[in-house]
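J.: As input, take protein-v1.txt (compact mmCIF, C-alpha atoms):
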```txt
# COMPACT_ATOMS: atom_id res chain seq x y z
CA MET A 1 -77.28 31.19 24.52
CA THR A 2 -80.79 30.40 25.63
CA THR A 3 -81.30 27.18 27.54
CA ALA A 4 -84.88 26.61 26.51
CA SER A 5 -87.28 27.59 23.79
CA PRO A 6 -90.95 26.79 23.20
CA ASP A 7 -89.96 25.81 19.66
CA ALA A 8 -87.41 23.29 20.88
CA VAL A 9 -90.19 21.09 22.29
CA SER A 10 -93.15 22.11 20.18
CA ARG A 11 -92.98 18.95 18.05
CA THR A 12 -93.63 16.73 21.02
CA THR A 13 -96.08 18.97 22.84
CA PRO A 14 -99.75 18.28 22.00
CA SER A 15 -101.53 21.35 20.73
CA SER A 16 -105.03 22.36 21.66
CA PRO A 17 -107.68 21.91 18.97
CA GLY A 18 -108.87 25.49 19.03
CA PRO A 19 -107.46 28.02 16.51
CA THR A 20 -106.68 30.54 19.23
CA ALA A 21 -104.32 28.08 20.93
CA GLU A 22 -102.28 27.41 17.76
CA ALA A 23 -101.81 31.03 16.67
CA PRO A 24 -99.22 32.00 19.35
CA VAL A 25 -97.20 28.82 18.63
CA SER A 26 -97.16 29.58 14.92
CA ALA A 27 -96.04 33.12 15.61
CA ARG A 28 -93.21 31.89 17.82
CA ARG A 29 -92.19 29.34 15.24
CA ARG A 30 -92.14 31.96 12.50
CA ALA A 31 -90.02 34.21 14.68
CA THR A 32 -87.62 31.36 15.47
CA ARG A 33 -87.27 30.41 11.82
CA ALA A 34 -86.70 34.03 10.84
CA ARG A 35 -83.91 34.40 13.41
CA LEU A 36 -82.28 31.15 12.33
CA LEU A 37 -82.45 32.18 8.67
CA ALA A 38 -80.99 35.62 9.40
CA ALA A 39 -78.19 34.06 11.44
CA ALA A 40 -77.50 31.53 8.71
CA GLU A 41 -77.16 34.23 6.06
CA GLU A 42 -74.51 35.95 8.19
CA VAL A 43 -72.60 32.79 9.10
CA PHE A 44 -72.69 31.34 5.58
CA ALA A 45 -71.33 34.64 4.25
CA GLU A 46 -68.45 34.47 6.72
CA ARG A 47 -67.59 30.76 6.63
CA GLY A 48 -69.30 29.21 3.62
CA PHE A 49 -71.83 26.38 3.62
CA HIS A 50 -69.45 23.60 4.63
CA GLY A 51 -67.48 25.80 7.03
CA ALA A 52 -70.58 26.67 9.05
CA SER A 53 -71.83 24.07 11.53
CA VAL A 54 -75.29 23.78 13.03
CA GLU A 55 -73.71 24.82 16.33
CA ASP A 56 -72.38 27.99 14.67
CA LEU A 57 -75.84 28.85 13.38
CA CYS A 58 -77.47 28.21 16.75
CA GLU A 59 -74.88 30.29 18.58
CA ARG A 60 -75.38 33.23 16.22
CA ALA A 61 -79.18 33.01 16.53
CA ASP A 62 -78.97 32.41 20.29
CA PHE A 63 -80.97 29.18 20.13
CA THR A 64 -80.39 25.59 21.17
CA ARG A 65 -79.85 22.68 18.76
CA GLY A 66 -83.33 21.55 19.77
CA ALA A 67 -84.81 24.78 18.45
CA PHE A 68 -82.89 24.34 15.20
CA TYR A 69 -84.03 20.76 14.62
CA SER A 70 -87.62 21.52 15.55
CA ASN A 71 -87.66 23.92 12.58
CA PHE A 72 -85.23 22.45 10.05
CA ALA A 73 -84.37 18.82 9.40
CA SER A 74 -80.84 19.72 8.32
CA LYS A 75 -78.49 22.49 7.32
CA ASP A 76 -79.37 21.64 3.69
CA GLU A 77 -83.05 22.34 4.32
CA LEU A 78 -82.25 25.68 5.93
CA LEU A 79 -80.05 26.71 2.99
CA LEU A 80 -82.76 25.79 0.51
CA GLU A 81 -85.35 27.92 2.32
CA LEU A 82 -82.89 30.80 2.66
CA TYR A 83 -82.13 30.75 -1.04
CA ALA A 84 -85.79 30.41 -1.99
CA GLU A 85 -86.55 33.61 -0.06
CA HIS A 86 -83.64 35.41 -1.74
CA ALA A 87 -84.73 34.23 -5.19
CA ALA A 88 -88.32 35.28 -4.53
CA ARG A 89 -87.17 38.83 -3.82
CA LEU A 90 -85.18 38.95 -7.06
CA HIS A 91 -88.02 37.46 -9.07
CA ALA A 92 -90.46 40.03 -7.69
CA ARG A 93 -88.18 42.83 -8.87
CA VAL A 94 -87.75 41.28 -12.32
CA ALA A 95 -91.52 40.81 -12.59
CA GLU A 96 -92.01 44.47 -11.69
CA VAL A 97 -89.74 45.44 -14.59
CA ALA A 98 -91.55 43.06 -16.94
CA GLU A 99 -94.94 44.49 -16.03
CA THR A 100 -93.95 48.12 -16.56
CA PRO A 101 -95.96 49.26 -19.60
CA GLY A 102 -94.42 50.85 -22.67
CA LEU A 103 -90.84 49.58 -22.28
CA SER A 104 -88.80 48.48 -25.27
CA LEU A 105 -86.96 45.15 -25.16
CA GLU A 106 -83.71 47.04 -24.59
CA GLN A 107 -85.26 48.86 -21.62
CA VAL A 108 -86.57 45.60 -20.16
CA LEU A 109 -83.13 44.00 -20.43
CA GLU A 110 -81.55 47.09 -18.89
CA GLY A 111 -83.97 46.78 -15.99
CA VAL A 112 -82.97 43.14 -15.55
CA PHE A 113 -79.31 44.16 -15.53
CA ASP A 114 -80.06 46.75 -12.86
CA VAL A 115 -81.61 44.08 -10.65
CA TRP A 116 -78.70 41.73 -11.33
CA THR A 117 -75.90 44.23 -10.60
CA ASP A 118 -77.25 46.65 -8.01
CA ASP A 119 -75.53 45.02 -4.99
CA PRO A 120 -72.18 43.52 -6.07
CA ASP A 121 -71.22 42.32 -2.59
CA ALA A 122 -74.48 40.47 -2.06
CA ARG A 123 -74.31 39.03 -5.57
CA ARG A 124 -70.81 37.69 -4.90
CA ARG A 125 -71.86 36.18 -1.56
CA TRP A 126 -74.88 34.42 -3.01
CA HIS A 127 -72.93 33.22 -6.03
CA LEU A 128 -70.23 31.66 -3.87
CA LEU A 129 -72.79 30.09 -1.55
CA THR A 130 -74.92 28.61 -4.33
CA SER A 131 -71.83 27.41 -6.20
CA GLU A 132 -70.67 25.60 -3.07
CA PHE A 133 -74.09 24.07 -2.47
CA ALA A 134 -74.41 23.03 -6.13
CA LEU A 135 -71.15 21.07 -5.84
CA HIS A 136 -72.44 19.50 -2.62
CA ALA A 137 -75.67 18.56 -4.43
CA LEU A 138 -73.76 16.89 -7.26
CA ARG A 139 -72.15 14.57 -4.70
CA ASP A 140 -75.22 13.90 -2.56
CA ASP A 141 -78.34 12.36 -4.10
CA GLN A 142 -80.75 13.76 -1.53
CA ALA A 143 -79.32 17.27 -1.82
CA ARG A 144 -79.32 16.98 -5.61
CA ALA A 145 -82.99 16.05 -5.71
CA ALA A 146 -83.93 18.91 -3.37
CA TRP A 147 -81.79 21.45 -5.26
CA ALA A 148 -83.18 20.33 -8.62
CA ALA A 149 -86.75 20.55 -7.31
CA LEU A 150 -86.20 24.09 -6.05
CA GLN A 151 -84.54 25.11 -9.31
CA GLY A 152 -87.48 23.67 -11.22
CA THR A 153 -89.95 25.72 -9.17
CA LEU A 154 -87.94 28.91 -9.63
CA ARG A 155 -87.58 28.21 -13.34
CA GLU A 156 -91.34 27.87 -13.73
CA GLU A 157 -91.85 31.23 -12.02
CA LEU A 158 -89.33 32.96 -14.27
CA ALA A 159 -90.73 31.21 -17.35
CA ALA A 160 -94.09 32.87 -16.61
CA VAL A 161 -92.32 36.26 -16.50
CA VAL A 162 -90.58 35.46 -19.81
CA ASP A 163 -93.96 34.63 -21.34
CA ARG A 164 -95.33 38.01 -20.28
CA ILE A 165 -92.30 39.82 -21.71
CA ALA A 166 -92.55 37.89 -24.98
CA GLU A 167 -96.23 38.72 -25.32
CA ALA A 168 -95.68 42.41 -24.58
CA GLN A 169 -92.77 42.61 -27.02
CA HIS A 170 -94.52 40.54 -29.74
CA LEU A 171 -91.80 37.89 -29.62
CA ARG A 172 -92.15 34.20 -30.39
CA PRO A 173 -89.47 32.10 -28.67
CA VAL A 174 -88.04 29.25 -30.75
CA VAL A 175 -87.35 27.33 -27.53
CA THR A 176 -89.61 26.80 -24.54
CA SER A 177 -89.71 29.51 -21.90
CA ALA A 178 -88.15 27.12 -19.38
CA GLU A 179 -85.28 26.40 -21.78
CA LEU A 180 -84.77 30.10 -22.35
CA VAL A 181 -84.62 30.65 -18.57
CA ARG A 182 -81.92 27.97 -18.34
CA LEU A 183 -79.90 29.70 -21.05
CA ILE A 184 -80.31 33.10 -19.42
CA GLY A 185 -79.09 31.60 -16.15
CA ILE A 186 -76.01 30.22 -17.89
CA VAL A 187 -75.20 33.65 -19.30
CA LEU A 188 -75.75 35.52 -16.03
CA HIS A 189 -73.94 33.09 -13.76
CA GLY A 190 -71.25 32.28 -16.29
CA GLY A 191 -70.52 35.96 -16.76
CA LEU A 192 -70.26 36.42 -13.00
CA ASP A 193 -67.91 33.42 -12.77
CA GLN A 194 -65.62 35.01 -15.32
CA HIS A 195 -65.68 38.38 -13.56
CA LEU A 196 -64.83 36.85 -10.18
CA LEU A 197 -61.99 34.84 -11.74
CA GLU A 198 -60.58 37.75 -13.77
CA PRO A 199 -61.92 41.00 -12.30
CA ASP A 200 -59.32 43.18 -14.04
CA SER A 201 -59.98 41.90 -17.55
CA VAL A 202 -63.72 41.18 -17.21
CA PRO A 203 -65.58 44.14 -15.64
CA ALA A 204 -68.65 43.31 -13.60
CA GLY A 205 -71.69 42.74 -15.83
CA SER A 206 -69.78 43.24 -19.08
CA LEU A 207 -70.28 39.75 -20.51
CA GLU A 208 -73.89 39.62 -19.40
CA ARG A 209 -74.65 42.92 -21.15
CA ILE A 210 -73.06 41.68 -24.37
CA PHE A 211 -74.44 38.17 -24.56
CA LEU A 212 -77.90 38.34 -22.97
CA PRO A 213 -79.41 40.55 -25.72
CA LEU A 214 -77.78 38.33 -28.36
CA LEU A 215 -79.19 35.24 -26.69
CA VAL A 216 -82.70 36.68 -26.43
CA ARG A 217 -82.71 37.71 -30.08
CA ALA A 218 -81.25 34.40 -31.26
CA ALA A 219 -83.91 32.49 -29.29
CA THR A 220 -86.93 34.49 -30.53
CA HIS A 221 -88.75 35.46 -33.69
CA GLY A 222 -90.78 38.61 -34.15
CA SER A 223 -90.18 42.33 -33.89
CA ALA A 224 -89.60 43.71 -30.43
CA LYS A 225 -90.47 47.29 -29.61
CA GLY A 226 -87.45 49.44 -30.19
CA GLY A 227 -85.40 47.02 -32.27
CA ALA A 228 -85.24 43.91 -34.42
CA ALA A 229 -85.63 40.69 -32.53
CA ASN A 230 -85.06 38.06 -35.21
CA ALA A 231 -81.29 38.27 -35.52
CA ARG A 232 -79.67 34.99 -36.55
CA GLY A 233 -76.77 33.29 -34.84
CA GLY A 234 -76.03 32.39 -31.26
CA ALA A 235 -73.83 33.71 -28.52
CA PRO A 236 -70.77 31.74 -27.47
CA THR A 237 -71.25 29.89 -24.23
CA GLU A 238 -69.13 30.42 -21.15
CA GLY A 239 -66.89 27.47 -20.45
CA THR A 240 -67.33 27.77 -16.71
CA ALA A 241 -71.03 28.59 -16.60
CA THR A 242 -72.64 27.21 -13.50
CA GLY A 243 -76.19 27.01 -14.75
CA ASP A 244 -79.37 28.49 -13.32
CA ARG A 245 -79.12 28.95 -9.59
```
Hey, can you dump this file as structure tokens for me?

T.:
Amino acid sequence: MTTASPDAVSRTTPSSPGPTAEAPVSARRRATRARLLAAAEEVFAERGFHGASVEDLCERADFTRGAFYSNFASKDELLLELYAEHAARLHARVAEVAETPGLSLEQVLEGVFDVWTDDPDARRRWHLLTSEFALHALRDDQARAAWAALQGTLREELAAVVDRIAEAQHLRPVVTSAELVRLIGIVLHGGLDQHLLEPDSVPAGSLERIFLPLLVRAATHGSAKGGAANARGGAPTEGTATGDR
């Protein structure tokens, strides 16, 4: 483990006013944060959120506690940034599907399923980690507020994607886009819950592929390309759905 790092003391070291003096510090800080985030993803996958200590994260990243706390106020803050980066990658892929011209609604949903299911191991790891953190947030007011704020930001981003899909498919949602994103999250994460609990009787992605199209059609009016989109009735909800993570 390193015994010293520029980042470990950068908070208390005065910086020069010139832009050229700050650039190297920012680069070092970005590199430090990136290493801590990469180490955290590995350690969280192995030990879970509560099972991983700050010391474990520092040891894996080969940094001191000072370097950790000069970049993150807490393990909670690090987890939130790690998840935000992961979610941003997923959202970019979903947006790419949504912006592909000429797709029918069925093809758009199939593209979403491809993004959702293409790496089962990673999906399981992130689901377990976010489930654990969500329970932690329900018991801790500060963590709850931070988790809810992040979820709200991610929901707004996905709601904008839903708006673009609805416009392209000539659909008129009967709920707000943010509400529809919440419902989609319940279906996706609830379906994954059920698969992880009963993998033999619930194949991966099977519930999501059944209920997501039904949900989208029940929550919209209009005629989507490639099929009717004003079907009546709703999909049954999953009893163990964990919400939008």

J.: Please list as number ranges by chain every residue within 7 Å of range 199-211 of chain A, counting all atoms listed in the file and excluding residues in the same chain fewer than 6 positions away.

T.: A: 117, 187-188, 191, 235

J.: Would you work out the distance separating CA of Leu57 in chain A from CA of Ala40 in chain A, expressed in Å to one decimal?

T.: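 Spanning CA of Leu57 in chain A to CA of Ala40 in chain A is a straight-line distance of 5.6 Å.
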
J.: With all atoms listed in the file as the basis for distance, which of A:Leu154, A:Leu78, A:Leu128, A:Leu183 is at the shortest distance from Leu197 in chain A?

T.: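 Residue with the minimum atom-to-atom distance to Leu197 in chain A: A:Leu128.
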
J.: Hey, which of A:Ala88, A:Leu109, A:Asp119, A:His127 ends up closest to Leu215 in chain A? Count only C-alpha atoms.

T.: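 Among the listed residues, A:Leu109 lies closest to Leu215 in chain A.
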
J.: So, with all atoms listed in the file as the atoms that count, which of A:Arg164, A:Arg28, A:His170, A:His221 lies closest to Ser70 in chain A?

T.: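 So, comparing all the options, the nearest one is A:Arg28.
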
J.: Rounded to one decimal place, report the CA of Ala143 in chain A-CA of Ala178 in chain A distance in Å.

T.: 22.0 Å

J.: Find the residues near Leu180 in chain A: any atom within 9 Å, counting only C-alpha atoms, skip ones fewer than 3 places away on the same chain, and give them as a PDB file with C-alpha atoms, in the coordinates of the input.

T.:
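That gives us part-v8.pdb:
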```pdb
ATOM      1  CA  ALA A 159     -90.730  31.210 -17.350  1.00  0.00           C
ATOM      2  CA  VAL A 162     -90.580  35.460 -19.810  1.00  0.00           C
ATOM      3  CA  PRO A 173     -89.470  32.100 -28.670  1.00  0.00           C
ATOM      4  CA  VAL A 175     -87.350  27.330 -27.530  1.00  0.00           C
ATOM      5  CA  THR A 176     -89.610  26.800 -24.540  1.00  0.00           C
ATOM      6  CA  SER A 177     -89.710  29.510 -21.900  1.00  0.00           C
ATOM      7  CA  LEU A 183     -79.900  29.700 -21.050  1.00  0.00           C
ATOM      8  CA  ILE A 184     -80.310  33.100 -19.420  1.00  0.00           C
ATOM      9  CA  GLY A 185     -79.090  31.600 -16.150  1.00  0.00           C
ATOM     10  CA  LEU A 215     -79.190  35.240 -26.690  1.00  0.00           C
ATOM     11  CA  VAL A 216     -82.700  36.680 -26.430  1.00  0.00           C
ATOM     12  CA  ALA A 219     -83.910  32.490 -29.290  1.00  0.00           C
TER      13      ALA A 219
END
```

J.: Env of Ala34 in chain A: 12 Å cut, atoms = only C-alpha atoms, seq-sep filter 2 positions within chain, self excluded. Answer as a ChimeraX atom specification.

T.: /A:27-32,36-41,61,63,68,71-72,78,81-82,85

J.: Under the rule that all atoms listed in the file are counted, which of A:Phe44, A:Ile165, A:Cys58, A:Glu157 is the nearest residue to Val97 in chain A?

T.: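 For Val97 in chain A, the nearest of the given residues is A:Ile165.
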